[in-house]
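A short worksheet on the structure shown next.
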Amino acid sequence: MSVGKLFLNLLFPPRCPFCREILREFTPQKGAFPSWAKEKSIPKVLCRKCAEELPWLQKSCPRCACGLSEGKACFCRRYEYAFDSCCALGRYTGKMRETLHSLKYHNKRWLSEPLGKLLSWKLASLSWISSVDAVVPVPLAPQRRTVRGYNQAALLARVVGRELCVPVVDILERVRETESQTVLSREKRWENLQGAFRCQKEWEGGGHLLLVDDVLTTGATAHEAARALKAGAAQRVSVAVLAR
Ligand SMILES: [Zn+2]
Ligand SMILES: [Zn+2]
């Protein structure tokens with residue numbers, strides 16, 4: 001660690017993104033964490049309590065990241081998603097949900113660093129990750145971007161790109177303003193987003209793009225964004241989100 005970094009760590013000791021406790025070294029219990037977790041790295045970004053209590057997504061559908069019970073097929077067979085695979089860190093509930101709200105609505109931009117790292121570690125354990133050519137953040141509607149001042153998906157994408165050593169390319173744009181998804185019913189969410197994205201330019205760096213967003217609920221946003229990327233030049237689109 002450099003002297004500068006050491007000094008910064010003394011002034012602003014790293015805190016757990018989920019409960020804001022100052023981080024302390026601990027030895028994780030064997031088997032307490034998801035299989036992808038590097039046990040030595042986890043205490044650098046999480047406290048013991050949160051690491052043990054988080055709603056990690058263990059068994060999930062490789063296509064839509066929905067939690068799966070043993071031997072059951074996923075309901076996503078019914079949907080023609082434009083994305084090919086999806087990875088989510090945890091379920092959109094409890095501490096995970098609260099923390100995503102802080103990142104999204106309460107200007108806690110620093111959360112993107114530990115959360116992005118965790119997501120990257122999980123991604124690194126997947127077989128398809130080695131073929132990813134670039135990371136693409138889901139863009140915010142310009143109006144919302146102006147009010148919020150930042151795009152949480154872009155912050156996460158930057159960390160994921162850096163951790164996985166792939167470039168981050170901002171090639172998606174919102175073509176039109178859409179109503180906030182949170183106030184709409186399930187069906188209306190799909191209608192609301194139709195044709196909402198466009199690929200700004202043909203992407204020439206390779207055919208597998210990784211779309212990054214904070215959360216995936218109905219999948220409508222990721223579907224439309226992936227459709228636009230495929231209309232651009234992507235052959236394959238995978239999705240990475242913090243929560244599902
Ligand atoms: Zn904690
Ligand atoms: Zn599925």
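Ordering of the structure tokens sets the chain letters (A, B, ...), residue numbers begin anew at 1 in every chain, and ligands are numbered from 1 in the order given.
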With the cut-off set at 10 Å and counting only C-alpha atoms and all ligand atoms, tabulate each residue of chain A with an atom at most that distance from an atom of ligand 1, showing the nearest atom pair and its distance in Å to one decimal, ordered by chain and increasing number, as JSON lines.
{"residue": "A:Arg15", "atom": "CA", "partner": "ligand 1", "partner_atom_place_in_ligand_line": "1 (Zn)", "distance": 7.9}
{"residue": "A:Cys16", "atom": "CA", "partner": "ligand 1", "partner_atom_place_in_ligand_line": "1 (Zn)", "distance": 4.6}
{"residue": "A:Pro17", "atom": "CA", "partner": "ligand 1", "partner_atom_place_in_ligand_line": "1 (Zn)", "distance": 6.5}
{"residue": "A:Phe18", "atom": "CA", "partner": "ligand 1", "partner_atom_place_in_ligand_line": "1 (Zn)", "distance": 4.8}
{"residue": "A:Cys19", "atom": "CA", "partner": "ligand 1", "partner_atom_place_in_ligand_line": "1 (Zn)", "distance": 4.1}
{"residue": "A:Arg20", "atom": "CA", "partner": "ligand 1", "partner_atom_place_in_ligand_line": "1 (Zn)", "distance": 6.1}
{"residue": "A:Glu21", "atom": "CA", "partner": "ligand 1", "partner_atom_place_in_ligand_line": "1 (Zn)", "distance": 5.8}
{"residue": "A:Ile22", "atom": "CA", "partner": "ligand 1", "partner_atom_place_in_ligand_line": "1 (Zn)", "distance": 8.4}
{"residue": "A:Leu23", "atom": "CA", "partner": "ligand 1", "partner_atom_place_in_ligand_line": "1 (Zn)", "distance": 8.1}
{"residue": "A:Val45", "atom": "CA", "partner": "ligand 1", "partner_atom_place_in_ligand_line": "1 (Zn)", "distance": 9.0}
{"residue": "A:Leu46", "atom": "CA", "partner": "ligand 1", "partner_atom_place_in_ligand_line": "1 (Zn)", "distance": 5.7}
{"residue": "A:Cys47", "atom": "CA", "partner": "ligand 1", "partner_atom_place_in_ligand_line": "1 (Zn)", "distance": 4.3}
{"residue": "A:Arg48", "atom": "CA", "partner": "ligand 1", "partner_atom_place_in_ligand_line": "1 (Zn)", "distance": 6.7}
{"residue": "A:Lys49", "atom": "CA", "partner": "ligand 1", "partner_atom_place_in_ligand_line": "1 (Zn)", "distance": 5.8}
{"residue": "A:Cys50", "atom": "CA", "partner": "ligand 1", "partner_atom_place_in_ligand_line": "1 (Zn)", "distance": 4.2}
{"residue": "A:Ala51", "atom": "CA", "partner": "ligand 1", "partner_atom_place_in_ligand_line": "1 (Zn)", "distance": 7.0}
{"residue": "A:Glu52", "atom": "CA", "partner": "ligand 1", "partner_atom_place_in_ligand_line": "1 (Zn)", "distance": 9.3}
{"residue": "A:Glu53", "atom": "CA", "partner": "ligand 1", "partner_atom_place_in_ligand_line": "1 (Zn)", "distance": 9.0}
{"residue": "A:Leu54", "atom": "CA", "partner": "ligand 1", "partner_atom_place_in_ligand_line": "1 (Zn)", "distance": 9.2}
{"residue": "A:Lys95", "atom": "CA", "partner": "ligand 1", "partner_atom_place_in_ligand_line": "1 (Zn)", "distance": 9.2}
Would you list the residues that come within 12 Å of ligand 2? Count only C-alpha atoms and all ligand atoms and give the answer as JSON, numbers by chain. {"A": [59, 60, 61, 62, 63, 64, 65, 66, 67, 68, 69, 72, 73, 74, 75, 76, 77, 78, 79, 80, 81, 83, 84, 85, 86, 87, 88, 216, 217, 218, 219, 244]}
Hey, can you spit out that residue selection with N, CA and C atoms as a short mmCIF file (atom, residue, chain, number, x, y, z; two decimals), in the first residue's frame?
data_model
loop_
_atom_site.label_atom_id
_atom_site.label_comp_id
_atom_site.auth_asym_id
_atom_site.auth_seq_id
_atom_site.Cartn_x
_atom_site.Cartn_y
_atom_site.Cartn_z
N LYS A 59 -28.22 -20.33 -6.09
CA LYS A 59 -28.64 -21.09 -7.27
C LYS A 59 -29.57 -20.23 -8.08
N SER A 60 -29.17 -19.89 -9.30
CA SER A 60 -30.05 -19.02 -10.07
C SER A 60 -30.04 -19.42 -11.54
N CYS A 61 -31.05 -18.98 -12.25
CA CYS A 61 -31.19 -19.29 -13.67
C CYS A 61 -30.06 -18.59 -14.44
N PRO A 62 -29.29 -19.32 -15.26
CA PRO A 62 -28.19 -18.69 -15.97
C PRO A 62 -28.66 -17.66 -17.00
N ARG A 63 -29.92 -17.74 -17.38
CA ARG A 63 -30.41 -16.83 -18.40
C ARG A 63 -30.96 -15.52 -17.80
N CYS A 64 -31.72 -15.61 -16.69
CA CYS A 64 -32.36 -14.40 -16.16
C CYS A 64 -31.97 -14.12 -14.71
N ALA A 65 -31.16 -14.98 -14.11
CA ALA A 65 -30.67 -14.82 -12.72
C ALA A 65 -31.75 -14.94 -11.65
N CYS A 66 -32.89 -15.45 -12.00
CA CYS A 66 -33.95 -15.68 -11.02
C CYS A 66 -33.52 -16.82 -10.09
N GLY A 67 -33.88 -16.72 -8.81
CA GLY A 67 -33.56 -17.80 -7.90
C GLY A 67 -34.29 -19.08 -8.30
N LEU A 68 -33.61 -20.21 -8.23
CA LEU A 68 -34.22 -21.47 -8.65
C LEU A 68 -34.26 -22.46 -7.51
N SER A 69 -35.36 -23.19 -7.40
CA SER A 69 -35.33 -24.29 -6.45
C SER A 69 -34.89 -25.55 -7.21
N LYS A 72 -36.17 -27.39 -10.64
CA LYS A 72 -37.27 -26.66 -11.29
C LYS A 72 -36.74 -25.85 -12.47
N ALA A 73 -37.53 -25.78 -13.57
CA ALA A 73 -37.14 -24.93 -14.69
C ALA A 73 -37.62 -23.51 -14.42
N CYS A 74 -36.95 -22.53 -15.01
CA CYS A 74 -37.27 -21.14 -14.73
C CYS A 74 -38.46 -20.68 -15.59
N PHE A 75 -39.26 -19.76 -15.02
CA PHE A 75 -40.43 -19.25 -15.76
C PHE A 75 -40.02 -18.41 -16.96
N CYS A 76 -38.73 -18.02 -17.04
CA CYS A 76 -38.30 -17.13 -18.13
C CYS A 76 -38.35 -17.82 -19.49
N ARG A 77 -38.63 -19.12 -19.53
CA ARG A 77 -38.84 -19.80 -20.82
C ARG A 77 -39.93 -19.10 -21.62
N ARG A 78 -40.86 -18.46 -20.88
CA ARG A 78 -41.99 -17.80 -21.53
C ARG A 78 -41.60 -16.49 -22.20
N TYR A 79 -40.47 -15.93 -21.81
CA TYR A 79 -40.09 -14.61 -22.34
C TYR A 79 -38.99 -14.73 -23.37
N GLU A 80 -39.10 -13.87 -24.38
CA GLU A 80 -38.03 -13.84 -25.36
C GLU A 80 -37.08 -12.69 -25.04
N TYR A 81 -36.30 -12.86 -24.02
CA TYR A 81 -35.35 -11.82 -23.66
C TYR A 81 -34.30 -11.66 -24.76
N PHE A 83 -31.36 -10.52 -24.09
CA PHE A 83 -30.04 -10.84 -23.53
C PHE A 83 -29.90 -12.35 -23.38
N ASP A 84 -28.65 -12.81 -23.35
CA ASP A 84 -28.40 -14.25 -23.40
C ASP A 84 -28.13 -14.87 -22.04
N SER A 85 -27.55 -14.06 -21.13
CA SER A 85 -27.28 -14.59 -19.80
C SER A 85 -27.31 -13.44 -18.80
N CYS A 86 -27.46 -13.80 -17.55
CA CYS A 86 -27.56 -12.76 -16.53
C CYS A 86 -26.95 -13.24 -15.22
N CYS A 87 -26.22 -12.33 -14.58
CA CYS A 87 -25.62 -12.64 -13.28
C CYS A 87 -26.05 -11.58 -12.28
N ALA A 88 -26.57 -12.01 -11.13
CA ALA A 88 -26.96 -11.07 -10.07
C ALA A 88 -26.26 -11.47 -8.78
N LEU A 216 -32.36 -5.76 -11.57
CA LEU A 216 -33.20 -6.29 -12.64
C LEU A 216 -34.48 -6.83 -12.00
N THR A 217 -35.62 -6.27 -12.36
CA THR A 217 -36.88 -6.77 -11.80
C THR A 217 -37.67 -7.53 -12.85
N THR A 218 -38.39 -6.81 -13.73
CA THR A 218 -39.11 -7.56 -14.78
C THR A 218 -38.17 -7.99 -15.90
N GLY A 219 -37.05 -7.30 -16.07
CA GLY A 219 -36.14 -7.59 -17.17
C GLY A 219 -36.42 -6.72 -18.38
N ARG A 244 -31.55 -8.96 -7.93
CA ARG A 244 -32.58 -9.51 -8.81
C ARG A 244 -33.81 -9.75 -7.98
#
Please return as a short mmCIF file (atom, residue, chain, number, x, y, z; two decimals) with C-alpha atoms, in the first residue's frame: the residues of stretch 3-222 of chain A that backbone DSSP assigns to strand (DSSP E).
data_model
loop_
_atom_site.label_atom_id
_atom_site.label_comp_id
_atom_site.auth_asym_id
_atom_site.auth_seq_id
_atom_site.Cartn_x
_atom_site.Cartn_y
_atom_site.Cartn_z
CA SER A 85 -27.28 -14.59 -19.80
CA CYS A 86 -27.56 -12.76 -16.53
CA CYS A 87 -25.62 -12.64 -13.28
CA ALA A 88 -26.96 -11.07 -10.07
CA LEU A 89 -25.10 -10.72 -6.79
CA GLY A 90 -28.10 -11.05 -4.48
CA ALA A 134 -16.56 -4.60 -23.27
CA VAL A 135 -18.79 -3.35 -20.46
CA VAL A 136 -21.75 -1.07 -21.24
CA PRO A 137 -23.68 0.84 -18.55
CA LEU A 172 -26.11 3.24 -25.43
CA GLU A 173 -28.40 6.24 -25.27
CA ARG A 174 -31.99 6.83 -24.27
CA PHE A 197 -32.64 2.84 -26.31
CA ARG A 198 -30.35 3.24 -29.28
CA CYS A 199 -26.80 2.17 -29.95
CA HIS A 208 -19.91 -10.01 -26.61
CA LEU A 209 -21.04 -7.04 -24.51
CA LEU A 210 -21.74 -6.98 -20.77
CA LEU A 211 -24.60 -4.71 -19.83
CA VAL A 212 -24.36 -3.36 -16.26
CA ASP A 213 -27.24 -2.04 -14.16
CA ASP A 214 -28.05 -1.86 -10.45
CA VAL A 215 -31.15 -4.03 -10.38
#
Of the candidates A:Leu193, A:Val183, A:Val175, A:Ala225, which one gets nearest to A:Pro142 if we count only C-alpha atoms?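 Using only C-alpha atoms, A:Pro142 sits closest to A:Val175.
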Per DSSP on the backbone, filter stretch 75-192 of chain A down to the residues in helix (DSSP H, G or I) and report them as a VMD selection string. chain A and resid 75 to 78 94 to 105 109 to 124 127 to 131 142 to 148 152 to 164 181 to 183 186 to 192
Include C-alpha atoms and write out the residues we just selected as a PDB file, in the first residue's frame.
ATOM      1  CA  PHE A  75     -40.430 -19.254 -15.760  1.00  0.00           C
ATOM      2  CA  CYS A  76     -38.297 -17.134 -18.128  1.00  0.00           C
ATOM      3  CA  ARG A  77     -38.839 -19.795 -20.817  1.00  0.00           C
ATOM      4  CA  ARG A  78     -41.993 -17.802 -21.535  1.00  0.00           C
ATOM      5  CA  GLY A  94     -33.429  -6.523   3.024  1.00  0.00           C
ATOM      6  CA  LYS A  95     -29.984  -4.947   3.304  1.00  0.00           C
ATOM      7  CA  MET A  96     -29.350  -5.356  -0.402  1.00  0.00           C
ATOM      8  CA  ARG A  97     -32.418  -3.327  -1.291  1.00  0.00           C
ATOM      9  CA  GLU A  98     -31.701  -0.605   1.291  1.00  0.00           C
ATOM     10  CA  THR A  99     -28.118  -0.241   0.120  1.00  0.00           C
ATOM     11  CA  LEU A 100     -29.106  -0.003  -3.534  1.00  0.00           C
ATOM     12  CA  HIS A 101     -31.513   2.773  -2.593  1.00  0.00           C
ATOM     13  CA  SER A 102     -28.673   4.656  -0.912  1.00  0.00           C
ATOM     14  CA  LEU A 103     -26.535   4.302  -4.015  1.00  0.00           C
ATOM     15  CA  LYS A 104     -29.346   5.351  -6.297  1.00  0.00           C
ATOM     16  CA  TYR A 105     -31.235   8.042  -4.445  1.00  0.00           C
ATOM     17  CA  ARG A 109     -21.554   7.145  -4.747  1.00  0.00           C
ATOM     18  CA  TRP A 110     -18.757   5.501  -2.746  1.00  0.00           C
ATOM     19  CA  LEU A 111     -20.926   2.385  -2.457  1.00  0.00           C
ATOM     20  CA  SER A 112     -20.262   1.620  -6.119  1.00  0.00           C
ATOM     21  CA  GLU A 113     -16.668   0.670  -5.243  1.00  0.00           C
ATOM     22  CA  PRO A 114     -17.268  -2.210  -2.763  1.00  0.00           C
ATOM     23  CA  LEU A 115     -20.479  -3.329  -4.508  1.00  0.00           C
ATOM     24  CA  GLY A 116     -18.827  -3.250  -7.924  1.00  0.00           C
ATOM     25  CA  LYS A 117     -15.931  -5.305  -6.562  1.00  0.00           C
ATOM     26  CA  LEU A 118     -18.250  -7.966  -5.168  1.00  0.00           C
ATOM     27  CA  LEU A 119     -20.132  -8.166  -8.446  1.00  0.00           C
ATOM     28  CA  SER A 120     -16.861  -8.470 -10.380  1.00  0.00           C
ATOM     29  CA  TRP A 121     -15.664 -11.336  -8.185  1.00  0.00           C
ATOM     30  CA  LYS A 122     -18.851 -13.232  -8.841  1.00  0.00           C
ATOM     31  CA  LEU A 123     -18.612 -12.503 -12.573  1.00  0.00           C
ATOM     32  CA  ALA A 124     -15.019 -13.713 -12.618  1.00  0.00           C
ATOM     33  CA  SER A 127     -17.470 -19.510 -17.684  1.00  0.00           C
ATOM     34  CA  TRP A 128     -18.728 -16.897 -20.173  1.00  0.00           C
ATOM     35  CA  ILE A 129     -16.885 -13.971 -18.632  1.00  0.00           C
ATOM     36  CA  SER A 130     -13.653 -14.603 -20.551  1.00  0.00           C
ATOM     37  CA  SER A 131     -15.378 -13.881 -23.873  1.00  0.00           C
ATOM     38  CA  PRO A 142     -31.329  12.628 -19.402  1.00  0.00           C
ATOM     39  CA  GLN A 143     -33.891  14.291 -17.149  1.00  0.00           C
ATOM     40  CA  ARG A 144     -33.186  11.907 -14.287  1.00  0.00           C
ATOM     41  CA  ARG A 145     -29.472  12.199 -14.883  1.00  0.00           C
ATOM     42  CA  THR A 146     -29.690  15.972 -14.441  1.00  0.00           C
ATOM     43  CA  VAL A 147     -31.662  15.679 -11.207  1.00  0.00           C
ATOM     44  CA  ARG A 148     -29.481  12.938  -9.703  1.00  0.00           C
ATOM     45  CA  GLN A 152     -25.281   4.598 -10.635  1.00  0.00           C
ATOM     46  CA  ALA A 153     -24.999   2.032 -13.437  1.00  0.00           C
ATOM     47  CA  ALA A 154     -22.079   3.949 -14.947  1.00  0.00           C
ATOM     48  CA  LEU A 155     -20.301   4.054 -11.567  1.00  0.00           C
ATOM     49  CA  LEU A 156     -20.713   0.284 -11.205  1.00  0.00           C
ATOM     50  CA  ALA A 157     -19.648  -0.361 -14.802  1.00  0.00           C
ATOM     51  CA  ARG A 158     -16.425   1.558 -14.194  1.00  0.00           C
ATOM     52  CA  VAL A 159     -15.505  -0.677 -11.255  1.00  0.00           C
ATOM     53  CA  VAL A 160     -16.496  -3.870 -13.102  1.00  0.00           C
ATOM     54  CA  GLY A 161     -14.480  -2.877 -16.186  1.00  0.00           C
ATOM     55  CA  ARG A 162     -11.428  -2.078 -14.075  1.00  0.00           C
ATOM     56  CA  GLU A 163     -11.625  -5.270 -12.002  1.00  0.00           C
ATOM     57  CA  LEU A 164     -12.152  -7.494 -15.058  1.00  0.00           C
ATOM     58  CA  GLN A 181     -40.638   2.153 -14.089  1.00  0.00           C
ATOM     59  CA  THR A 182     -41.303   1.996 -10.361  1.00  0.00           C
ATOM     60  CA  VAL A 183     -44.840   3.418 -10.678  1.00  0.00           C
ATOM     61  CA  ARG A 186     -45.597  -5.326 -14.839  1.00  0.00           C
ATOM     62  CA  GLU A 187     -47.211  -5.220 -18.277  1.00  0.00           C
ATOM     63  CA  LYS A 188     -46.938  -1.461 -18.625  1.00  0.00           C
ATOM     64  CA  ARG A 189     -43.191  -1.610 -17.920  1.00  0.00           C
ATOM     65  CA  TRP A 190     -42.601  -3.486 -21.153  1.00  0.00           C
ATOM     66  CA  GLU A 191     -44.703  -1.069 -23.224  1.00  0.00           C
ATOM     67  CA  ASN A 192     -43.158   1.956 -21.574  1.00  0.00           C
TER      68      ASN A 192
END
